[in-house]
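Data from start.pdb: PDB, C-alpha atoms and all ligand atoms
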ATOM      1  CA  MET A 160       0.000   0.000   0.000
ATOM      2  CA  VAL A 161       1.150   3.533  -0.672
ATOM      3  CA  SER A 162       2.475   5.432   2.287
ATOM      4  CA  VAL A 163       0.835   8.848   2.581
ATOM      5  CA  PRO A 164       1.500  10.988   5.662
ATOM      6  CA  TYR A 165      -1.636  12.079   7.508
ATOM      7  CA  LEU A 166      -0.984  15.810   7.621
ATOM      8  CA  ARG A 167      -3.376  18.705   7.212
ATOM      9  CA  GLY A 168      -3.680  19.751   3.585
ATOM     10  CA  LEU A 169      -3.146  18.122   0.232
ATOM     11  CA  SER A 170      -1.238  14.881  -0.405
ATOM     12  CA  ARG A 171      -0.802  12.957  -3.641
ATOM     13  CA  VAL A 172      -2.188   9.418  -3.332
ATOM     14  CA  ALA A 173      -1.890   8.182  -6.946
ATOM     15  CA  GLU A 174      -1.311   9.500 -10.453
ATOM     16  CA  GLY A 175      -3.564  12.560 -10.765
ATOM     17  CA  CYS A 176      -5.305  11.826  -7.450
ATOM     18  CA  TYR A 177      -4.958  13.789  -4.232
ATOM     19  CA  ALA A 178      -6.476  13.722  -0.756
ATOM     20  CA  TRP A 179      -7.116  16.745   1.430
ATOM     21  CA  PHE A 180      -6.818  15.757   5.087
ATOM     22  CA  GLU A 181      -8.216  17.414   8.220
ATOM     23  CA  PRO A 182      -6.529  15.537  11.090
ATOM     24  CA  PRO A 183      -7.489  14.127  13.497
ATOM     25  CA  GLY A 184     -10.634  13.396  11.471
ATOM     26  CA  SER A 185     -12.971  13.638  14.451
ATOM     27  CA  TRP A 186     -16.481  15.186  14.474
ATOM     28  CA  GLY A 187     -16.884  17.411  11.407
ATOM     29  CA  LEU A 188     -13.243  17.178  10.298
ATOM     30  CA  SER A 189     -13.476  15.327   7.011
ATOM     31  CA  ASN A 190     -11.345  14.537   3.975
ATOM     32  CA  SER A 191     -11.815  15.757   0.422
ATOM     33  CA  GLY A 192     -10.443  14.428  -2.844
ATOM     34  CA  ILE A 193      -9.100  15.953  -6.037
ATOM     35  CA  VAL A 194      -8.706  14.289  -9.431
ATOM     36  CA  VAL A 195      -6.691  16.182 -12.047
ATOM     37  CA  ALA A 196      -7.501  14.792 -15.506
ATOM     38  CA  GLY A 197      -6.355  16.545 -18.671
ATOM     39  CA  ASP A 198      -7.737  20.056 -18.692
ATOM     40  CA  GLU A 199     -10.307  19.401 -15.948
ATOM     41  CA  VAL A 200     -10.346  18.944 -12.182
ATOM     42  CA  LEU A 201     -12.894  16.978 -10.159
ATOM     43  CA  VAL A 202     -13.342  17.775  -6.459
ATOM     44  CA  ILE A 203     -14.889  15.224  -4.106
ATOM     45  CA  ASP A 204     -16.545  16.750  -1.006
ATOM     46  CA  THR A 205     -16.118  20.407  -0.195
ATOM     47  CA  GLN A 206     -15.333  20.575   3.539
ATOM     48  CA  ASN A 207     -17.371  21.800   6.470
ATOM     49  CA  ASP A 208     -17.041  25.565   6.473
ATOM     50  CA  VAL A 209     -16.045  28.603   4.442
ATOM     51  CA  PRO A 210     -12.318  28.895   5.338
ATOM     52  CA  ARG A 211     -11.698  25.173   4.849
ATOM     53  CA  ALA A 212     -13.486  25.200   1.480
ATOM     54  CA  ARG A 213     -11.448  28.234   0.438
ATOM     55  CA  ALA A 214      -8.202  26.468   1.401
ATOM     56  CA  LEU A 215      -9.282  23.331  -0.467
ATOM     57  CA  ARG A 216     -10.101  25.340  -3.596
ATOM     58  CA  ALA A 217      -6.733  27.118  -3.469
ATOM     59  CA  ALA A 218      -4.928  23.776  -3.130
ATOM     60  CA  ALA A 219      -6.908  22.307  -6.016
ATOM     61  CA  ARG A 220      -6.003  25.282  -8.201
ATOM     62  CA  ALA A 221      -2.340  24.946  -7.224
ATOM     63  CA  VAL A 222      -2.099  21.324  -8.426
ATOM     64  CA  ALA A 223      -4.398  21.929 -11.409
ATOM     65  CA  GLY A 224      -1.947  24.067 -13.342
ATOM     66  CA  SER A 225      -3.910  25.313 -16.343
ATOM     67  CA  ALA A 226      -6.714  22.785 -15.773
ATOM     68  CA  GLU A 227     -10.059  24.114 -14.557
ATOM     69  CA  ILE A 228     -12.212  22.898 -11.662
ATOM     70  CA  THR A 229     -15.363  21.851 -13.530
ATOM     71  CA  THR A 230     -16.994  19.115 -11.462
ATOM     72  CA  VAL A 231     -17.794  18.476  -7.800
ATOM     73  CA  VAL A 232     -19.210  15.316  -6.237
ATOM     74  CA  ASN A 233     -20.765  15.328  -2.764
ATOM     75  CA  THR A 234     -20.603  11.782  -1.388
ATOM     76  CA  HIS A 235     -23.507  12.365   1.038
ATOM     77  CA  ASP A 236     -25.550  14.981   2.877
ATOM     78  CA  ASP A 237     -23.559  15.399   6.123
ATOM     79  CA  GLY A 238     -22.528  19.057   6.292
ATOM     80  CA  ASP A 239     -18.817  18.324   6.537
ATOM     81  CA  HIS A 240     -18.999  16.963   2.981
ATOM     82  CA  TRP A 241     -20.972  19.720   1.224
ATOM     83  CA  PHE A 242     -21.176  22.935   3.254
ATOM     84  CA  GLY A 243     -18.203  24.246   1.225
ATOM     85  CA  ASN A 244     -20.139  24.012  -2.064
ATOM     86  CA  LEU A 245     -20.560  27.797  -2.195
ATOM     87  CA  LEU A 246     -16.847  28.107  -3.058
ATOM     88  CA  PHE A 247     -17.448  25.889  -6.111
ATOM     89  CA  GLU A 248     -20.555  27.586  -7.477
ATOM     90  CA  GLY A 249     -20.662  27.434 -11.276
ATOM     91  CA  CYS A 250     -19.302  23.867 -11.374
ATOM     92  CA  ARG A 251     -21.392  20.799 -12.114
ATOM     93  CA  ILE A 252     -22.204  19.609  -8.594
ATOM     94  CA  ILE A 253     -23.364  15.988  -8.443
ATOM     95  CA  ALA A 254     -24.926  13.915  -5.654
ATOM     96  CA  THR A 255     -27.495  11.168  -5.324
ATOM     97  CA  GLU A 256     -31.187  12.109  -5.323
ATOM     98  CA  ALA A 257     -31.448  10.929  -1.705
ATOM     99  CA  SER A 258     -28.507  13.117  -0.658
ATOM    100  CA  LEU A 259     -30.042  16.188  -2.284
ATOM    101  CA  ALA A 260     -33.252  15.556  -0.335
ATOM    102  CA  GLY A 261     -31.221  15.442   2.886
ATOM    103  CA  MET A 262     -29.368  18.644   1.998
ATOM    104  CA  ARG A 263     -32.658  20.415   1.375
ATOM    105  CA  ALA A 264     -33.939  19.224   4.774
ATOM    106  CA  LEU A 265     -30.779  20.705   6.375
ATOM    107  CA  ARG A 266     -30.978  18.659   9.582
ATOM    108  CA  MET A 267     -28.021  20.560  11.071
ATOM    109  CA  ASN A 268     -28.391  24.146   9.889
ATOM    110  CA  PRO A 269     -24.918  25.561  10.650
ATOM    111  CA  LEU A 270     -26.385  29.005  11.281
ATOM    112  CA  ARG A 271     -28.736  27.688  13.999
ATOM    113  CA  LEU A 272     -26.710  24.866  15.531
ATOM    114  CA  GLU A 273     -27.265  25.696  19.182
ATOM    115  CA  GLU A 274     -31.046  25.456  18.781
ATOM    116  CA  LEU A 275     -30.659  21.696  18.231
ATOM    117  CA  GLY A 276     -29.763  20.973  21.866
ATOM    118  CA  GLU A 277     -31.300  21.848  25.222
ATOM    119  CA  PRO A 278     -29.082  24.223  27.241
ATOM    120  CA  GLY A 279     -27.189  22.336  29.939
ATOM    121  CA  THR A 280     -26.917  19.110  27.932
ATOM    122  CA  THR A 281     -23.708  17.581  26.624
ATOM    123  CA  LEU A 282     -25.202  17.924  23.137
ATOM    124  CA  HIS A 283     -25.635  21.661  23.593
ATOM    125  CA  GLY A 284     -21.991  22.031  24.672
ATOM    126  CA  TRP A 285     -20.889  20.039  21.627
ATOM    127  CA  LEU A 286     -23.005  22.185  19.303
ATOM    128  CA  ARG A 287     -21.501  25.325  20.819
ATOM    129  CA  TRP A 288     -18.008  23.852  20.336
ATOM    130  CA  ARG A 289     -18.839  23.385  16.665
ATOM    131  CA  THR A 290     -19.795  27.042  16.298
ATOM    132  CA  GLU A 291     -16.378  27.937  17.722
ATOM    133  CA  VAL A 292     -14.332  25.519  15.583
ATOM    134  CA  PHE A 293     -16.115  26.085  12.271
ATOM    135  CA  ASP A 294     -16.710  29.436  10.580
ATOM    136  CA  TYR A 295     -19.991  30.041   8.754
ATOM    137  CA  GLU A 296     -19.586  33.770   8.215
ATOM    138  CA  SER A 297     -21.304  34.515   4.858
ATOM    139  CA  TRP A 298     -22.357  30.872   4.500
ATOM    140  CA  ARG A 299     -25.357  29.854   2.448
ATOM    141  CA  PRO A 300     -26.401  26.444   1.118
ATOM    142  CA  VAL A 301     -25.426  25.655  -2.475
ATOM    143  CA  HIS A 302     -27.087  22.450  -3.623
ATOM    144  CA  PRO A 303     -26.045  19.936  -6.287
ATOM    145  CA  THR A 304     -26.986  20.868  -9.825
ATOM    146  CA  GLU A 305     -27.359  17.231 -10.934
ATOM    147  CA  THR A 306     -28.502  14.066  -9.218
ATOM    148  CA  PHE A 307     -28.388  10.360  -9.954
ATOM    149  CA  ALA A 308     -29.605   7.100  -8.444
ATOM    150  CA  GLY A 309     -27.804   3.784  -8.745
ATOM    151  CA  SER A 310     -24.650   4.578 -10.676
ATOM    152  CA  THR A 311     -23.351   7.005 -13.240
ATOM    153  CA  THR A 312     -20.088   7.907 -14.949
ATOM    154  CA  VAL A 313     -18.418  11.283 -15.406
ATOM    155  CA  LYS A 314     -15.444  11.889 -17.662
ATOM    156  CA  PRO A 315     -13.504  14.942 -16.519
ATOM    157  CA  GLY A 316     -10.725  15.522 -19.053
ATOM    158  CA  GLY A 317     -11.711  12.234 -20.721
ATOM    159  CA  THR A 318     -10.898  10.121 -17.628
ATOM    160  CA  THR A 319     -13.588   7.676 -16.558
ATOM    161  CA  VAL A 320     -14.795   8.230 -12.996
ATOM    162  CA  GLU A 321     -17.567   6.014 -11.658
ATOM    163  CA  LEU A 322     -20.070   7.244  -9.087
ATOM    164  CA  LEU A 323     -21.725   4.368  -7.234
ATOM    165  CA  GLN A 324     -24.633   4.806  -4.858
ATOM    166  CA  VAL A 325     -24.184   2.415  -1.944
ATOM    167  CA  GLY A 326     -26.638   4.003   0.496
ATOM    168  CA  PRO A 327     -28.823   4.066   2.411
ATOM    169  CA  ALA A 328     -26.080   3.073   4.837
ATOM    170  CA  HIS A 329     -24.208   5.752   6.836
ATOM    171  CA  THR A 330     -26.766   8.246   5.459
ATOM    172  CA  ALA A 331     -29.752   7.911   3.122
ATOM    173  CA  GLY A 332     -27.832   8.589  -0.074
ATOM    174  CA  ASP A 333     -24.159   7.588   0.294
ATOM    175  CA  ALA A 334     -22.081   7.373  -2.877
ATOM    176  CA  ILE A 335     -18.478   6.380  -3.493
ATOM    177  CA  VAL A 336     -16.206   7.663  -6.261
ATOM    178  CA  HIS A 337     -14.045   5.180  -8.173
ATOM    179  CA  VAL A 338     -11.185   6.170 -10.459
ATOM    180  CA  PRO A 339     -10.383   2.824 -12.149
ATOM    181  CA  SER A 340      -7.302   4.000 -14.051
ATOM    182  CA  ALA A 341      -5.645   5.110 -10.791
ATOM    183  CA  GLY A 342      -6.959   2.307  -8.559
ATOM    184  CA  VAL A 343      -8.439   4.836  -6.150
ATOM    185  CA  VAL A 344     -11.748   4.882  -4.298
ATOM    186  CA  PHE A 345     -12.911   8.036  -2.524
ATOM    187  CA  ALA A 346     -15.206   6.346  -0.030
ATOM    188  CA  GLY A 347     -16.911   9.244   1.764
ATOM    189  CA  ASP A 348     -18.183   8.187   5.171
ATOM    190  CA  ILE A 349     -18.598   4.568   4.209
ATOM    191  CA  VAL A 350     -15.018   4.362   5.458
ATOM    192  CA  PHE A 351     -13.908   5.793   8.773
ATOM    193  CA  HIS A 352     -10.264   4.841   9.205
ATOM    194  CA  ARG A 353      -8.789   4.574  12.708
ATOM    195  CA  SER A 354     -12.029   5.781  14.273
ATOM    196  CA  THR A 355     -15.482   4.363  14.923
ATOM    197  CA  PRO A 356     -18.090   4.600  12.146
ATOM    198  CA  ILE A 357     -21.580   5.896  12.869
ATOM    199  CA  THR A 358     -24.854   4.861  11.238
ATOM    200  CA  TRP A 359     -27.341   7.696  10.874
ATOM    201  CA  ALA A 360     -29.618   5.931   8.402
ATOM    202  CA  GLY A 361     -28.913   2.221   7.961
ATOM    203  CA  PRO A 362     -29.734  -0.507   7.346
ATOM    204  CA  VAL A 363     -26.406  -1.667   8.723
ATOM    205  CA  SER A 364     -26.557  -4.647   6.359
ATOM    206  CA  ASN A 365     -26.282  -2.101   3.517
ATOM    207  CA  TYR A 366     -23.288  -0.512   5.248
ATOM    208  CA  ILE A 367     -21.633  -3.936   5.310
ATOM    209  CA  ALA A 368     -22.569  -4.456   1.639
ATOM    210  CA  ALA A 369     -21.018  -1.067   0.814
ATOM    211  CA  CYS A 370     -17.740  -2.271   2.339
ATOM    212  CA  GLU A 371     -17.971  -5.374   0.123
ATOM    213  CA  THR A 372     -18.594  -3.169  -2.919
ATOM    214  CA  ILE A 373     -15.389  -1.246  -2.212
ATOM    215  CA  LEU A 374     -13.400  -4.461  -1.701
ATOM    216  CA  ALA A 375     -14.746  -5.897  -4.977
ATOM    217  CA  LEU A 376     -13.328  -2.873  -6.835
ATOM    218  CA  ASP A 377      -9.894  -4.032  -5.602
ATOM    219  CA  PRO A 378      -8.531  -0.497  -5.115
ATOM    220  CA  ALA A 379      -4.888   0.130  -4.241
ATOM    221  CA  VAL A 380      -5.830   3.292  -2.341
ATOM    222  CA  ILE A 381      -8.969   4.152  -0.387
ATOM    223  CA  VAL A 382      -9.445   7.744   0.729
ATOM    224  CA  PRO A 383     -11.805   7.546   3.717
ATOM    225  CA  GLY A 384     -14.256  10.228   4.754
ATOM    226  CA  HIS A 385     -12.338  10.614   8.009
ATOM    227  CA  GLY A 386      -8.815   9.499   8.916
ATOM    228  CA  PRO A 387      -5.647   8.572   7.024
ATOM    229  CA  VAL A 388      -5.452   6.793   3.667
ATOM    230  CA  ALA A 389      -6.535   3.173   3.906
ATOM    231  CA  GLY A 390      -6.041  -0.087   2.073
ATOM    232  CA  PRO A 391      -8.424  -3.037   1.739
ATOM    233  CA  ALA A 392      -7.423  -4.435   5.153
ATOM    234  CA  ALA A 393      -8.949  -1.412   6.905
ATOM    235  CA  VAL A 394     -12.211  -1.897   4.992
ATOM    236  CA  ARG A 395     -12.301  -5.573   5.951
ATOM    237  CA  ASP A 396     -11.776  -4.537   9.578
ATOM    238  CA  LEU A 397     -14.637  -2.036   9.340
ATOM    239  CA  ARG A 398     -16.904  -4.654   7.740
ATOM    240  CA  ASP A 399     -16.083  -7.123  10.525
ATOM    241  CA  TYR A 400     -16.804  -4.490  13.194
ATOM    242  CA  LEU A 401     -20.214  -3.714  11.658
ATOM    243  CA  SER A 402     -21.002  -7.427  11.313
ATOM    244  CA  MET A 403     -20.145  -7.985  14.971
ATOM    245  CA  VAL A 404     -22.303  -5.043  16.099
ATOM    246  CA  LEU A 405     -25.201  -6.134  13.878
ATOM    247  CA  GLU A 406     -25.076  -9.720  15.115
ATOM    248  CA  TYR A 407     -24.861  -8.772  18.808
ATOM    249  CA  THR A 408     -27.533  -6.084  18.565
ATOM    250  CA  SER A 409     -29.941  -8.321  16.653
ATOM    251  CA  ARG A 410     -29.634 -10.943  19.403
ATOM    252  CA  GLN A 411     -30.311  -8.334  22.100
ATOM    253  CA  PHE A 412     -33.316  -7.014  20.187
ATOM    254  CA  ALA A 413     -34.727 -10.535  19.797
ATOM    255  CA  ALA A 414     -34.297 -11.087  23.552
ATOM    256  CA  GLY A 415     -36.267  -7.922  24.326
ATOM    257  CA  VAL A 416     -33.307  -6.109  25.900
ATOM    258  CA  PRO A 417     -33.715  -2.289  25.862
ATOM    259  CA  VAL A 418     -31.212  -0.682  23.486
ATOM    260  CA  GLU A 419     -29.515   1.348  26.196
ATOM    261  CA  ARG A 420     -28.849  -1.750  28.313
ATOM    262  CA  ALA A 421     -27.603  -3.635  25.261
ATOM    263  CA  TYR A 422     -25.202  -0.744  24.656
ATOM    264  CA  ARG A 423     -23.972  -0.728  28.270
ATOM    265  CA  GLU A 424     -23.228  -4.446  28.023
ATOM    266  CA  ILE A 425     -21.608  -4.651  24.572
ATOM    267  CA  ASP A 426     -18.061  -6.060  24.500
ATOM    268  CA  LEU A 427     -16.290  -4.224  21.680
ATOM    269  CA  GLY A 428     -13.048  -6.147  22.184
ATOM    270  CA  ALA A 429     -10.142  -4.430  20.449
ATOM    271  CA  TYR A 430     -12.554  -2.069  18.677
ATOM    272  CA  ARG A 431     -13.045  -0.219  21.984
ATOM    273  CA  LEU A 432      -9.665   1.369  21.246
ATOM    274  CA  TRP A 433     -10.985   3.112  18.132
ATOM    275  CA  PRO A 434     -11.656   6.790  18.924
ATOM    276  CA  HIS A 435     -15.326   7.671  19.482
ATOM    277  CA  ALA A 436     -16.200   4.076  20.480
ATOM    278  CA  SER A 437     -19.504   5.343  21.960
ATOM    279  CA  ARG A 438     -20.770   6.014  18.424
ATOM    280  CA  VAL A 439     -21.774   2.367  18.508
ATOM    281  CA  PHE A 440     -24.877   3.494  20.422
ATOM    282  CA  GLN A 441     -26.227   5.401  17.419
ATOM    283  CA  THR A 442     -25.501   2.398  15.188
ATOM    284  CA  MET A 443     -27.329   0.137  17.654
ATOM    285  CA  CYS A 444     -30.298   2.536  17.690
ATOM    286  CA  ALA A 445     -30.360   2.320  13.881
ATOM    287  CA  ILE A 446     -30.417  -1.485  14.085
ATOM    288  CA  TYR A 447     -33.281  -1.424  16.627
ATOM    289  CA  ALA A 448     -35.218   0.949  14.348
ATOM    290  CA  GLU A 449     -34.600  -1.383  11.423
ATOM    291  CA  LEU A 450     -35.737  -4.495  13.307
ATOM    292  CA  GLY A 451     -38.712  -2.897  15.029
ATOM    293  CA  PRO A 452     -39.919  -0.024  12.857
ATOM    294  CA  ALA A 453     -43.174   0.268  14.808
ATOM    295  CA  GLN A 454     -41.442   0.662  18.178
ATOM    296  CA  PRO A 455     -40.609   4.097  19.604
ATOM    297  CA  ARG A 456     -37.092   5.085  18.585
ATOM    298  CA  LYS A 457     -34.515   7.341  20.180
ATOM    299  CA  SER A 458     -34.501  10.798  18.669
ATOM    300  CA  TRP A 459     -31.280  12.158  17.208
ATOM    301  CA  ALA A 460     -30.824  14.387  20.265
ATOM    302  CA  GLU A 461     -31.455  11.530  22.732
ATOM    303  CA  ALA A 462     -28.988   9.223  20.996
ATOM    304  CA  MET A 463     -26.346  11.939  20.579
ATOM    305  CA  GLU A 464     -26.603  12.893  24.258
ATOM    306  CA  ILE A 465     -25.440   9.386  25.190
ATOM    307  CA  VAL A 466     -22.849   9.124  22.392
ATOM    308  CA  LEU A 467     -21.276  12.454  23.362
ATOM    309  CA  ALA A 468     -21.476  11.988  27.147
ATOM    310  CA  ASP A 469     -19.548   8.713  26.782
ATOM    311  CA  ASP A 470     -17.114   9.987  24.136
ATOM    312  CA  GLN A 471     -13.665   9.743  25.716
ATOM    313  CA  SER A 472     -11.777  10.662  22.543
TER     314      SER A 472
HETATM  315 ZN    ZN B 501     -18.173  13.022   7.575
END
I need this file expressed as structure tokens, please.
Ligand SMILES: [Zn+2]
Amino acid sequence: MVSVPYLRGLSRVAEGCYAWFEPPGSWGLSNSGIVVAGDEVLVIDTQNDVPRARALRAAARAVAGSAEITTVVNTHDDGDHWFGNLLFEGCRIIATEASLAGMRALRMNPLRLEELGEPGTTLHGWLRWRTEVFDYESWRPVHPTETFAGSTTVKPGGTTVELLQVGPAHTAGDAIVHVPSAGVVFAGDIVFHRSTPITWAGPVSNYIAACETILALDPAVIVPGHGPVAGPAAVRDLRDYLSMVLEYTSRQFAAGVPVERAYREIDLGAYRLWPHASRVFQTMCAIYAELGPAQPRKSWAEAMEIVLADDQS
């Protein structure tokens, strides 16, 4: 596997392919990708806020030479992957239909973050922290100009780039970006590397299938949504983690164990060492919702309160 240092900014990962890293890759600190092909540049995910998007655009222009940024892909509707779209206005901006619907719903409006949590809660403190870390001065939502469902191909500069919808999994409309000629997959938040994944949408079986889809492409390099560059072994590890959580949680559900008790009793083994291990609670809530759609489910705020209160990372 290629060795790419995990440092803030742009790193080359393969011929014509670059990753933009935001270490340590924790809440809201996501990666972007850049593909330079002939006279065109494709950008994958546009960062979480205005300064980061501006820095990403400057870096893309620096490696582009005379090539022009023409195309943007948003892998899904979490803000850290599309809030920077306003810096790329005028480009083709592509996402799945389901992701566009999520962007329009704007579950976490960055201009009204603190309203999403009750004062005094851990969630409220976390939302306030986000308003301090990320800068939304002059921000406004810029949505994709094109959508697809299933799969589609774009050809910036004549290079074939495949867009594959693998969601609903992490979110309702996850897509991955495959550059076959370079052996690179930009995986969005299907792949968290060296931290714990989180399942907002599910089903988790689809999340596992998405890992299998990436492995079947046999990429040399996988740029995760969060964390350092990965190889297939990291995706197998992630798949095995999700399979373990799904199997355990399904057994607890069948036995009538309340989800919070099931969470308190889960043995994560070595996976407990992954940062943000408490995210497993949200994934377990997604599995309970999947298995018992008629039963009352934890709200986003209720689940996040527990995830964040237990987050030791
Ligand atoms: Zn993300």
Task: the PyMOL selection byres (((not hetatm)) within 10 of (chain B and resi 501)) applied to the shown file, residues as a PyMOL selection string - done: chain A and resi 184-191+204+206-207+234-241+329+347-351+356-357+383-385
Residues as selected, C-alpha atoms, written as an mmCIF file, in the coordinates of the input, can you do that?
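Output file again-v8.cif follows:
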data_model
loop_
_atom_site.group_PDB
_atom_site.id
_atom_site.type_symbol
_atom_site.label_atom_id
_atom_site.label_comp_id
_atom_site.auth_asym_id
_atom_site.auth_seq_id
_atom_site.Cartn_x
_atom_site.Cartn_y
_atom_site.Cartn_z
ATOM 1 C CA GLY A 184 -10.634 13.396 11.471
ATOM 2 C CA SER A 185 -12.971 13.638 14.451
ATOM 3 C CA TRP A 186 -16.481 15.186 14.474
ATOM 4 C CA GLY A 187 -16.884 17.411 11.407
ATOM 5 C CA LEU A 188 -13.243 17.178 10.298
ATOM 6 C CA SER A 189 -13.476 15.327 7.011
ATOM 7 C CA ASN A 190 -11.345 14.537 3.975
ATOM 8 C CA SER A 191 -11.815 15.757 0.422
ATOM 9 C CA ASP A 204 -16.545 16.750 -1.006
ATOM 10 C CA GLN A 206 -15.333 20.575 3.539
ATOM 11 C CA ASN A 207 -17.371 21.800 6.470
ATOM 12 C CA THR A 234 -20.603 11.782 -1.388
ATOM 13 C CA HIS A 235 -23.507 12.365 1.038
ATOM 14 C CA ASP A 236 -25.550 14.981 2.877
ATOM 15 C CA ASP A 237 -23.559 15.399 6.123
ATOM 16 C CA GLY A 238 -22.528 19.057 6.292
ATOM 17 C CA ASP A 239 -18.817 18.324 6.537
ATOM 18 C CA HIS A 240 -18.999 16.963 2.981
ATOM 19 C CA TRP A 241 -20.972 19.720 1.224
ATOM 20 C CA HIS A 329 -24.208 5.752 6.836
ATOM 21 C CA GLY A 347 -16.911 9.244 1.764
ATOM 22 C CA ASP A 348 -18.183 8.187 5.171
ATOM 23 C CA ILE A 349 -18.598 4.568 4.209
ATOM 24 C CA VAL A 350 -15.018 4.362 5.458
ATOM 25 C CA PHE A 351 -13.908 5.793 8.773
ATOM 26 C CA PRO A 356 -18.090 4.600 12.146
ATOM 27 C CA ILE A 357 -21.580 5.896 12.869
ATOM 28 C CA PRO A 383 -11.805 7.546 3.717
ATOM 29 C CA GLY A 384 -14.256 10.228 4.754
ATOM 30 C CA HIS A 385 -12.338 10.614 8.009
#
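Excluding Thr230 (chain A) and any residue on its chain fewer than 3 positions from it, the residues at most 9 Å away by all atoms listed in the file are Glu199, Val200, Leu201, Val202, Ile203, Phe247, Cys250, Arg251, Ile252, Ile253, Val313 and Pro315 of chain A.
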- [ ] Using all atoms listed in the file, find the one residue out of A:Val416, A:Ile193, A:Leu246, A:Leu405 that sits nearest to Val344 (chain A).
- [x] A:Ile193
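Reported to one decimal place, the separation of CA of Ala173 (chain A) from CA of Pro378 (chain A) is 11.1 Å.
Between Phe345 (chain A) and the residues A:Cys370, A:Ala328, A:Val382, A:Ala214, the shortest atom-to-atom distance, using only C-alpha atoms, involves A:Val382.
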Task: Residue with smallest distance to Tyr447 (chain A) - pool A:Ser162, A:Thr408, A:Thr304, A:Ser258, counting all atoms listed in the file - done: A:Thr408
TODO: List the neighbours of region 452-467 of chain A out to 12 Å using all atoms listed in the file; skip same-chain residues closer than 5 positions along the sequence, and give me the result as a count of residues only.
DONE: 45
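Residues in contact range of Ile381 (chain A), defined as at most 9 Å between all atoms listed in the file, with sequence neighbours fewer than 4 positions away removed, read Gly342, Val343, Val344, Phe345, Ala346, Val350, Ile373, Val388, Ala389, Gly390, Pro391 and Val394 of chain A.
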Residues at most 12 Å from Ser170 (chain A), counting only C-alpha atoms, excluding those fewer than 4 positions away in the same chain, as a JSON list (two decimals) with C-alpha atoms, in the coordinates of the input?
[["chain", "number", "residue", "atom", "x", "y", "z"],
["A", 161, "VAL", "CA", 1.15, 3.53, -0.67],
["A", 162, "SER", "CA", 2.48, 5.43, 2.29],
["A", 163, "VAL", "CA", 0.84, 8.85, 2.58],
["A", 164, "PRO", "CA", 1.50, 10.99, 5.66],
["A", 165, "TYR", "CA", -1.64, 12.08, 7.51],
["A", 166, "LEU", "CA", -0.98, 15.81, 7.62],
["A", 174, "GLU", "CA", -1.31, 9.50, -10.45],
["A", 175, "GLY", "CA", -3.56, 12.56, -10.76],
["A", 176, "CYS", "CA", -5.30, 11.83, -7.45],
["A", 177, "TYR", "CA", -4.96, 13.79, -4.23],
["A", 178, "ALA", "CA", -6.48, 13.72, -0.76],
["A", 179, "TRP", "CA", -7.12, 16.74, 1.43],
["A", 180, "PHE", "CA", -6.82, 15.76, 5.09],
["A", 181, "GLU", "CA", -8.22, 17.41, 8.22],
["A", 190, "ASN", "CA", -11.34, 14.54, 3.98],
["A", 191, "SER", "CA", -11.82, 15.76, 0.42],
["A", 192, "GLY", "CA", -10.44, 14.43, -2.84],
["A", 193, "ILE", "CA", -9.10, 15.95, -6.04],
["A", 194, "VAL", "CA", -8.71, 14.29, -9.43],
["A", 215, "LEU", "CA", -9.28, 23.33, -0.47],
["A", 218, "ALA", "CA", -4.93, 23.78, -3.13],
["A", 219, "ALA", "CA", -6.91, 22.31, -6.02],
["A", 222, "VAL", "CA", -2.10, 21.32, -8.43],
["A", 382, "VAL", "CA", -9.44, 7.74, 0.73],
["A", 387, "PRO", "CA", -5.65, 8.57, 7.02],
["A", 388, "VAL", "CA", -5.45, 6.79, 3.67]]
Task: Of the listed residues A:Ala414, A:Val301, A:Ala226, A:Val231, that which approaches Leu322 (chain A) most closely, counting only C-alpha atoms - done: A:Val231
TODO: Give me, please, the distance in Å between CA of Leu323 (chain A) and CA of Leu169 (chain A), quoted to one decimal.
DONE: 24.3 Å
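Atom pair CA of Ala257 (chain A) / CA of Ala393 (chain A) has a distance of 27.1 Å (rounded to one decimal).
Distances to Thr205 (chain A) were evaluated for A:Thr330, A:Thr306, A:Thr312, A:Asn233 using only C-alpha atoms, and the minimum falls at A:Asn233.
Put simply, the PyMOL selection byres (((chain A and resi 309) around 12) and not hetatm) in this file takes in Ala254, Thr255, Glu256, Ala257, Thr306, Phe307, Ala308, Ser310, Thr311, Thr312, Glu321, Leu322, Leu323, Gln324, Val325, Gly326, Pro327, Gly332, Asp333, Ala334 and Ile335 of chain A.
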For region 265-271 of chain A, what centre and edge lengths in Å (one decimal) does the axis-aligned box get once 4 Å is added on each side of all its listed atoms, as AutoDock Vina command-line options?
--center_x -27.9 --center_y 23.8 --center_z 10.2 --size_x 14.1 --size_y 18.3 --size_z 15.6
TODO: Counting all atoms listed in the file, select every polymer residue within 10 Å of (-21.7, -5.6, 23.5) as defined in the file's coordinates, and provide the selection as a PyMOL selection string.
DONE: chain A and resi 403-404+406-408+411+420-428+439+443
Task: All residues 10 Å or closer to Thr319 (chain A), all atoms listed in the file, same chain fewer than 5 positions away omitted, as a PyMOL selection string - done: chain A and resi 196+312-314+337-340
Go ahead and write the selection's residues with C-alpha atoms as a CSV table (one decimal), in the frame of the given file.
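Once everything was written out, this is again-v7.csv:
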chain,number,residue,atom,x,y,z
A,196,ALA,CA,-7.5,14.8,-15.5
A,312,THR,CA,-20.1,7.9,-14.9
A,313,VAL,CA,-18.4,11.3,-15.4
A,314,LYS,CA,-15.4,11.9,-17.7
A,337,HIS,CA,-14.0,5.2,-8.2
A,338,VAL,CA,-11.2,6.2,-10.5
A,339,PRO,CA,-10.4,2.8,-12.1
A,340,SER,CA,-7.3,4.0,-14.1
